[in-house]
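Student: Sharing a structure here in structure tokens format.
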Amino acid sequence: MAQLKMYWLGTNSILDCPLPEGYGISTYSGKKDILPWVECCKSGLLPDDANENDFVSRIKKHKGVKMKTDLFFLDYNGEHIGTVTAVYHKRKNIGEIHMVGIKKDFRGKGLGKILNSTALKKLKAQEVKYVYLTTDEWRASAVKSYLTAGFLPVEYDTGMKERWETVLKEYGIPQCDMLYEDASYCRTLYAQLGVK
């Protein structure tokens, strides 16, 4: 089954997400950051036995990634506890948010919003037409975080309308707009509350 796809339009505003005390943002600075990246992505994006090879396949070999400018970490007291990759695809003038992960002990604190904001600020500065990402329905907190950040569902595969209506219903979101793959308006989605 195809993942859900979402777009954030480059003209949208970005949520202001101040860093709580003890937190900071850093970028990739070398091999010492690889295993902490793996730890941030375990139990969600990567299996519990993930290792350096997962970093190579998911980041180093991912099209367009410039590790020193695109790979961000959310730090707590100097320790990497979250990560996001913000890739600029210059030829198409679009951005991509890739591999957003937070260590288990730090989940449920709204820190994903900080990672989204960091990535979107970087990509908006590059004047992208839109930013895209893919995710799965079962990543409830991530999907909610993206919707809150202004991302909109994309109609790009069979059954997307129905899948998104189910997502909206499950998350208690009454409605939101849906876009076509070219980022034009498609329709307004409704949660169909009370409909089984």
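Labels for the structure tokens follow display order: chains A, B, ..., residues from 1 in each chain, ligands from 1.
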For A:Lys144, work out the shell of residues within 12 Å, counting only C-alpha atoms and skipping chain neighbours fewer than 3 positions away, then give it as a list of chain:residue names.

Tutor: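 What passes the distance filter is A:Met6, A:Gly108, A:Gly110, A:Gly112, A:Lys113, A:Asn116, A:Thr135, A:Asp136, A:Glu137, A:Trp138, A:Arg139, A:Ala140, A:Ser141, A:Leu147, A:Thr148, A:Ala149, A:Gly150, A:Phe151, A:Leu152, A:Pro153, A:Val167, A:Leu168, A:Lys169, A:Glu170, A:Tyr171, A:Gly172, A:Ile173.
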
Student: According to DSSP computed on the backbone, where in stretch 38-193 of chain A is there helix (DSSP H, G or I)? Give the residues as a PyMOL selection string.

Tutor: chain A and resi 38-41+52-60+67-70+104-106+111-125+140-148+160-171

Student: Hey, which of A:Val154, A:Leu111, A:Cys186, A:Ile25 ends up closest to A:Asn77? Count only C-alpha atoms.

Tutor: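 That would be A:Ile25, the residue with the smallest distance to A:Asn77.
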
Student: Taking only C-alpha atoms into account, name the residue in A:Glu155, A:Asp70, A:Glu162, A:Asp75 that is nearest to A:Leu179.

Tutor: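 Using only C-alpha atoms, A:Leu179 sits closest to A:Glu155.
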
Student: From a DSSP calculation on the backbone, collect every residue of chain A in strand (DSSP E or B) and output the set as a ChimeraX atom specification.

Tutor: /A:4-9,23-27,42,46,71-76,79-89,94-102,130-135,152-155,175-180,185-190

Student: Please report the interatomic distance between atom CA of A:Leu45 and atom CA of A:Val87 in Å with one decimal.

Tutor: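 According to the coordinates, atom CA of A:Leu45 and atom CA of A:Val87 are separated by 17.8 Å.
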
Student: Using only C-alpha atoms, which residue out of A:Thr158, A:Gln3, A:Ser13, A:Thr166 lies closest to A:Ala125?

Tutor: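 Closest candidate: A:Ser13.
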
Student: Taking a cut-off of 9 Å and counting only C-alpha atoms, can you build a table that, for each residue of stretch 119-146 of chain A near stretch 91-103 of chain A, reports the nearest atom pair and how far apart they are in Å (one decimal), sorted by chain then residue number, as CSV?

Tutor:
residue,atom,partner,partner_atom,distance
A:Ala119,CA,A:Ile97,CA,7.0
A:Leu120,CA,A:Ile97,CA,8.3
A:Leu123,CA,A:Gly95,CA,6.0
A:Lys124,CA,A:Gly95,CA,8.5
A:Gln126,CA,A:Asn93,CA,8.4
A:Glu127,CA,A:Asn93,CA,7.7
A:Val128,CA,A:Ile94,CA,4.9
A:Lys129,CA,A:Ile94,CA,5.5
A:Tyr130,CA,A:Ile94,CA,5.3
A:Val131,CA,A:Gly95,CA,4.2
A:Tyr132,CA,A:Glu96,CA,4.9
A:Leu133,CA,A:Ile97,CA,5.3
A:Thr134,CA,A:His98,CA,8.0
A:Ala142,CA,A:Val100,CA,8.5

Student: Include C-alpha atoms and write out the residues we just selected as a PDB file, in the first residue's frame.

Tutor:
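Output file selection.pdb follows:
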ATOM      1  CA  ALA A 119      13.357  21.988   8.171  1.00  0.00           C
ATOM      2  CA  LEU A 120      10.708  24.329   6.757  1.00  0.00           C
ATOM      3  CA  LEU A 123      13.633  25.105   2.678  1.00  0.00           C
ATOM      4  CA  LYS A 124      11.552  28.310   2.647  1.00  0.00           C
ATOM      5  CA  GLN A 126      15.576  28.419  -0.654  1.00  0.00           C
ATOM      6  CA  GLU A 127      12.245  29.700  -2.063  1.00  0.00           C
ATOM      7  CA  VAL A 128      10.796  26.278  -2.873  1.00  0.00           C
ATOM      8  CA  LYS A 129       7.439  25.946  -4.644  1.00  0.00           C
ATOM      9  CA  TYR A 130       6.427  23.324  -2.079  1.00  0.00           C
ATOM     10  CA  VAL A 131       7.842  20.787   0.386  1.00  0.00           C
ATOM     11  CA  TYR A 132       6.744  17.159   0.283  1.00  0.00           C
ATOM     12  CA  LEU A 133       6.983  14.205   2.597  1.00  0.00           C
ATOM     13  CA  THR A 134       5.593  10.697   2.829  1.00  0.00           C
ATOM     14  CA  ALA A 142       3.807  12.550  13.102  1.00  0.00           C
TER      15      ALA A 142
END

Student: Could you give me, as a compact mmCIF listing (two decimals) with N, CA and C atoms, in the first residue's frame, the residues within 7 Å of A:Tyr190, counting only C-alpha atoms and dropping anything in the same chain fewer than 4 positions from it?

Tutor:
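Output file out_39.txt follows:
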# COMPACT_ATOMS: atom_id res chain seq x y z
N GLU A 165 -9.83 10.63 4.86
CA GLU A 165 -11.04 10.89 5.64
C GLU A 165 -11.02 10.06 6.92
N PRO A 174 -11.93 18.02 11.84
CA PRO A 174 -13.16 18.04 11.05
C PRO A 174 -12.95 18.11 9.54
N GLN A 175 -11.96 18.89 9.08
CA GLN A 175 -11.75 19.02 7.64
C GLN A 175 -10.39 19.60 7.34
N CYS A 176 -9.95 19.41 6.10
CA CYS A 176 -8.76 20.07 5.59
C CYS A 176 -8.78 19.97 4.07

Student: Of the candidates A:Asp16, A:Glu21, A:Glu79, A:Asp177, which one gets nearest to A:Asp33 if we count only C-alpha atoms?

Tutor: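 Using only C-alpha atoms, A:Asp33 sits closest to A:Glu79.
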
Student: So that I can see what lies close to A:Pro47, please list as a list in words the residues with an atom at most 10 Å from it, counting only C-alpha atoms and leaving out residues fewer than 6 positions away in the same chain.

Tutor: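 Returned residues: Val38, Cys41 and Asp54 of chain A.
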
Student: Go ahead and write the selection's residues with N, CA and C atoms as an mmCIF file, in the first residue's frame.

Tutor:
data_model
loop_
_atom_site.group_PDB
_atom_site.id
_atom_site.type_symbol
_atom_site.label_atom_id
_atom_site.label_comp_id
_atom_site.auth_asym_id
_atom_site.auth_seq_id
_atom_site.Cartn_x
_atom_site.Cartn_y
_atom_site.Cartn_z
ATOM 1 N N VAL A 38 21.013 6.934 14.093
ATOM 2 C CA VAL A 38 20.348 5.620 14.098
ATOM 3 C C VAL A 38 19.461 5.492 15.329
ATOM 4 N N CYS A 41 16.170 7.246 15.114
ATOM 5 C CA CYS A 41 15.225 6.686 14.135
ATOM 6 C C CYS A 41 14.713 5.289 14.485
ATOM 7 N N ASP A 54 22.133 1.490 7.781
ATOM 8 C CA ASP A 54 20.860 2.163 7.573
ATOM 9 C C ASP A 54 21.076 3.653 7.303
#

Student: Calculated over only C-alpha atoms, which of the candidates A:Leu15, A:Ile59, A:Ala183, A:Leu71 has the smallest distance to A:Ala86?

Tutor: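 Comparing A:Leu15, A:Ile59, A:Ala183, A:Leu71 against A:Ala86, the winner is A:Leu71.
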
Student: Neighbours of A:Lys31 within 12 Å (only C-alpha atoms; same-chain residues fewer than 5 positions away dropped), as a ChimeraX atom specification?

Tutor: /A:36-38,52,55-56,60,67-68

Student: By how many Å are atom CA of A:Tyr180 and atom CA of A:Gly10 apart?

Tutor: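 Going from atom CA of A:Tyr180 over to atom CA of A:Gly10 covers 15.4 Å.
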
Student: Pick out the closest residue to A:His89 from this set: A:Leu19, A:Leu189, A:Val65, A:Ala50. Count only C-alpha atoms.

Tutor: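 Closest residue, counting only C-alpha atoms: A:Val65.
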